[in-house]
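Source file: upload.cif. Holds: mmCIF, C-alpha atoms and all ligand atoms; chains and numbers go by the auth columns.
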data_structure
#
loop_
_atom_site.group_PDB
_atom_site.id
_atom_site.type_symbol
_atom_site.label_atom_id
_atom_site.label_comp_id
_atom_site.label_asym_id
_atom_site.label_seq_id
_atom_site.Cartn_x
_atom_site.Cartn_y
_atom_site.Cartn_z
_atom_site.B_iso_or_equiv
_atom_site.auth_seq_id
_atom_site.auth_asym_id
ATOM 1 C CA MET A 1 6.283 -20.795 3.321 0.00 155 A
ATOM 2 C CA LYS A 2 2.628 -19.999 2.850 0.00 156 A
ATOM 3 C CA LYS A 3 3.300 -16.377 3.543 0.00 157 A
ATOM 4 C CA MET A 4 5.723 -16.031 0.670 0.00 158 A
ATOM 5 C CA SER A 5 3.326 -17.570 -1.823 0.00 159 A
ATOM 6 C CA TYR A 6 1.041 -14.560 -1.529 0.00 160 A
ATOM 7 C CA LYS A 7 1.452 -12.242 -4.486 0.00 161 A
ATOM 8 C CA PRO A 8 -0.229 -8.897 -4.023 0.00 162 A
ATOM 9 C CA SER A 9 -1.330 -7.190 -7.203 0.00 163 A
ATOM 10 C CA VAL A 10 -1.959 -3.459 -7.074 0.00 164 A
ATOM 11 C CA ASP A 11 -5.254 -2.666 -8.720 0.00 165 A
ATOM 12 C CA ASN A 12 -5.843 0.961 -7.800 0.00 166 A
ATOM 13 C CA VAL A 13 -4.337 3.685 -5.643 0.00 167 A
ATOM 14 C CA ILE A 14 -6.306 6.573 -4.173 0.00 168 A
ATOM 15 C CA LYS A 15 -4.941 9.538 -2.309 0.00 169 A
ATOM 16 C CA ALA A 16 -6.370 9.653 1.198 0.00 170 A
ATOM 17 C CA GLY A 17 -4.466 12.609 2.546 0.00 171 A
ATOM 18 C CA SER A 18 -1.390 14.736 2.175 0.00 172 A
ATOM 19 C CA ASN A 19 0.764 17.432 3.622 0.00 173 A
ATOM 20 C CA GLU A 20 2.347 18.669 0.434 0.00 174 A
ATOM 21 C CA LYS A 21 4.624 21.126 2.130 0.00 175 A
ATOM 22 C CA GLU A 22 6.200 18.319 4.104 0.00 176 A
ATOM 23 C CA GLY A 23 5.934 15.844 1.232 0.00 177 A
ATOM 24 C CA LEU A 24 3.833 13.430 3.293 0.00 178 A
ATOM 25 C CA TYR A 25 1.137 11.366 1.610 0.00 179 A
ATOM 26 C CA GLU A 26 -1.372 8.745 2.591 0.00 180 A
ATOM 27 C CA PHE A 27 -2.798 6.415 -0.020 0.00 181 A
ATOM 28 C CA ILE A 28 -5.334 3.619 -0.002 0.00 182 A
ATOM 29 C CA VAL A 29 -4.101 0.768 -2.147 0.00 183 A
ATOM 30 C CA HIS A 30 -6.633 -1.636 -3.591 0.00 184 A
ATOM 31 C CA LEU A 31 -5.325 -5.087 -4.392 0.00 185 A
ATOM 32 C CA ALA A 32 -6.732 -7.436 -7.000 0.00 186 A
ATOM 33 C CA ASP A 33 -7.914 -9.918 -4.359 0.00 187 A
ATOM 34 C CA GLY A 34 -10.087 -7.274 -2.696 0.00 188 A
ATOM 35 C CA SER A 35 -7.688 -6.444 0.104 0.00 189 A
ATOM 36 C CA GLU A 36 -6.956 -2.837 0.881 0.00 190 A
ATOM 37 C CA CYS A 37 -3.948 -1.276 2.519 0.00 191 A
ATOM 38 C CA ARG A 38 -3.181 2.118 3.892 0.00 192 A
ATOM 39 C CA VAL A 39 0.298 3.281 2.942 0.00 193 A
ATOM 40 C CA PHE A 40 2.235 6.327 3.982 0.00 194 A
ATOM 41 C CA TYR A 41 4.887 7.944 1.842 0.00 195 A
ATOM 42 C CA ASN A 42 7.450 10.647 2.234 0.00 196 A
ATOM 43 C CA ARG A 43 8.286 12.037 -1.191 0.00 197 A
ATOM 44 C CA PHE A 44 11.390 13.996 -0.218 0.00 198 A
ATOM 45 C CA PRO A 45 14.070 13.516 -1.332 0.00 199 A
ATOM 46 C CA LYS A 46 12.393 10.702 -3.261 0.00 200 A
ATOM 47 C CA TRP A 47 9.193 8.692 -2.868 0.00 201 A
ATOM 48 C CA GLN A 48 9.670 6.332 0.030 0.00 202 A
ATOM 49 C CA LEU A 49 7.127 4.067 1.634 0.00 203 A
ATOM 50 C CA THR A 50 7.280 4.680 5.375 0.00 204 A
ATOM 51 C CA ASN A 51 4.381 2.599 6.651 0.00 205 A
ATOM 52 C CA ILE A 52 1.878 0.026 5.405 0.00 206 A
ATOM 53 C CA SER A 53 -1.072 -1.563 7.148 0.00 207 A
ATOM 54 C CA ARG A 54 -4.036 -3.574 6.030 0.00 208 A
ATOM 55 C CA LEU A 55 -7.500 -2.056 6.253 0.00 209 A
ATOM 56 C CA GLN A 56 -9.633 -4.432 8.272 0.00 210 A
ATOM 57 C CA LYS A 57 -12.526 -4.613 5.846 0.00 211 A
ATOM 58 C CA ASN A 58 -11.649 -8.122 4.755 0.00 212 A
ATOM 59 C CA PRO A 59 -9.699 -10.907 6.434 0.00 213 A
ATOM 60 C CA CYS A 60 -5.984 -10.792 5.810 0.00 214 A
ATOM 61 C CA PRO A 61 -5.184 -12.623 2.556 0.00 215 A
ATOM 62 C CA VAL A 62 -2.016 -13.997 4.149 0.00 216 A
ATOM 63 C CA CYS A 63 -2.925 -15.156 7.658 0.00 217 A
ATOM 64 C CA ARG A 64 -6.750 -14.964 7.302 0.00 218 A
ATOM 65 C CA LYS A 65 -7.150 -12.997 10.516 0.00 219 A
ATOM 66 C CA ASP A 66 -9.835 -10.383 10.534 0.00 220 A
ATOM 67 C CA PHE A 67 -8.128 -8.291 13.157 0.00 221 A
ATOM 68 C CA ILE A 68 -4.883 -6.411 13.110 0.00 222 A
ATOM 69 C CA CYS A 69 -1.796 -8.210 11.830 0.00 223 A
ATOM 70 C CA ARG A 70 1.469 -7.143 10.348 0.00 224 A
ATOM 71 C CA CYS A 71 1.598 -9.451 7.332 0.00 225 A
ATOM 72 C CA MET A 72 1.510 -6.631 4.795 0.00 226 A
ATOM 73 C CA GLU A 73 4.780 -5.269 6.093 0.00 227 A
ATOM 74 C CA SER A 74 6.468 -8.240 4.426 0.00 228 A
ATOM 75 C CA PHE A 75 5.085 -7.038 1.113 0.00 229 A
ATOM 76 C CA ALA A 76 5.885 -3.364 1.466 0.00 230 A
ATOM 77 C CA ASP A 77 8.786 -3.595 -0.995 0.00 231 A
ATOM 78 C CA ASN A 78 6.726 -5.520 -3.526 0.00 232 A
ATOM 79 C CA ILE A 79 3.713 -3.228 -3.280 0.00 233 A
ATOM 80 C CA GLY A 80 5.922 -0.127 -3.271 0.00 234 A
ATOM 81 C CA GLN A 81 7.624 -1.337 -6.433 0.00 235 A
ATOM 82 C CA GLN A 82 4.285 -1.907 -8.147 0.00 236 A
ATOM 83 C CA ILE A 83 3.106 1.556 -7.158 0.00 237 A
ATOM 84 C CA GLU A 84 6.256 3.039 -8.622 0.00 238 A
ATOM 85 C CA GLU A 85 6.287 0.990 -11.813 0.00 239 A
ATOM 86 C CA GLY A 86 2.572 1.531 -12.378 0.00 240 A
ATOM 87 C CA HIS A 87 3.042 5.311 -12.086 0.00 241 A
ATOM 88 C CA TRP A 88 0.372 5.352 -9.406 0.00 242 A
ATOM 89 C CA PHE A 89 1.731 8.470 -7.747 0.00 243 A
ATOM 90 C CA GLU A 90 1.015 10.499 -10.870 0.00 244 A
ATOM 91 C CA LYS A 91 -2.394 8.883 -11.306 0.00 245 A
ATOM 92 C CA ALA A 92 -3.415 9.295 -7.675 0.00 246 A
ATOM 93 C CA LEU A 93 -2.227 12.892 -7.503 0.00 247 A
ATOM 94 C CA GLY A 94 -3.371 13.894 -10.958 0.00 248 A
ATOM 95 C CA GLU A 95 0.134 15.044 -11.875 0.00 249 A
HETATM 96 ZN ZN ZN B . -2.146 -11.228 8.279 0.00 301 B
#
Take the structure from the file and write it as structure tokens.
Amino acid sequence: MKKMSYKPSVDNVIKAGSNEKEGLYEFIVHLADGSECRVFYNRFPKWQLTNISRLQKNPCPVCRKDFICRCMESFADNIGQQIEEGHWFEKALGE
């Protein structure tokens, strides 16, 4: 129950790496609550989030652990949708 009450809010997206030939991208996503996630995308044939994990700078906003957890995977769809709707790909890539 508690888990589902968490509402991530994408604040900024920064490109961390890419293999443009293969269409593979790594972004760091900053959330409004100070959490950060690393997300991987494959842009071919269309942008698709392939992996998400929380950076362990801050405790997890969901389970409050400060070591590895998989909570953010539950929010991959939500965060991916925000990245898409916020046109963060274009902003992060300067396109
Ligand atoms: Zn967690």
Using all atoms listed in the file, can you tell me which of A:Ser228, A:Ser163, A:Gln235, A:Asn205 comes closest to A:Leu178?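 Looking only at the distances to A:Leu178, the closest residue turns out to be A:Asn205.
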Between A:His184, A:Ile222, A:Asn196, A:Trp201, which has the minimum distance to A:His241 (counting only C-alpha atoms)?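 Checking each candidate against A:His241, we get A:Trp201 as the closest.
For the choices A:Asp220, A:Glu174, A:Asp187, A:Glu180, the atom-to-atom distance to ligand ZN 301 (chain B) is smallest for A:Asp220 when using only C-alpha atoms and all ligand atoms.
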Please report, as a tab-separated table, each residue of chain A lying at most 10 Å from ligand ZN 301 (chain B), together with the nearest pair of atoms and the separation in Å rounded to one decimal; use only C-alpha atoms and all ligand atoms, and order rows by chain and ascending residue number.
residue	atom	partner	partner_atom	distance
A:Lys157	CA	B:ZN301	ZN	8.9
A:Ser207	CA	B:ZN301	ZN	9.8
A:Arg208	CA	B:ZN301	ZN	8.2
A:Pro213	CA	B:ZN301	ZN	7.8
A:Cys214	CA	B:ZN301	ZN	4.6
A:Pro215	CA	B:ZN301	ZN	6.6
A:Val216	CA	B:ZN301	ZN	5.0
A:Cys217	CA	B:ZN301	ZN	4.1
A:Arg218	CA	B:ZN301	ZN	6.0
A:Lys219	CA	B:ZN301	ZN	5.8
A:Asp220	CA	B:ZN301	ZN	8.1
A:Phe221	CA	B:ZN301	ZN	8.3
A:Ile222	CA	B:ZN301	ZN	7.4
A:Cys223	CA	B:ZN301	ZN	4.7
A:Arg224	CA	B:ZN301	ZN	5.8
A:Cys225	CA	B:ZN301	ZN	4.3
A:Met226	CA	B:ZN301	ZN	6.8
A:Glu227	CA	B:ZN301	ZN	9.4
A:Ser228	CA	B:ZN301	ZN	9.9
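When only C-alpha atoms are used to measure the gap to A:Tyr179, the shortest distance among A:Val193, A:Ile237, A:Val164, A:Ala230 belongs to A:Val193.
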Evaluate the PyMOL selection byres (((chain A and resi 204) around 6) and not hetatm) against this structure - the residues, as a list in words, please.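 With the PyMOL selection byres (((chain A and resi 204) around 6) and not hetatm) on this model, the match is Phe194, Tyr195, Leu203 and Asn205 of chain A.
With atom CA of A:Tyr160 on one side and atom CA of A:Ser172 on the other, the separation reads 29.6 Å.
Atom to atom, atom CA of A:Glu244 and atom CA of A:Gln210 stand 26.5 Å apart.
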What is the distance between atom CA of A:Ala186 and atom CA of A:Asp165, in Å to one decimal?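 That distance, rounded to one decimal, is 5.3 Å.
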Here is a test: counting only C-alpha atoms, which residue of A:Ile206, A:Lys175, A:Phe198, A:Ile168 is nearest to A:Asp231?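 Distance minimum relative to A:Asp231 lands on A:Ile206.
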Considering all atoms listed in the file, can you say which of A:Ser159, A:Lys169, A:Gln202, A:Asn212 comes closest to A:Gly248? A:Lys169
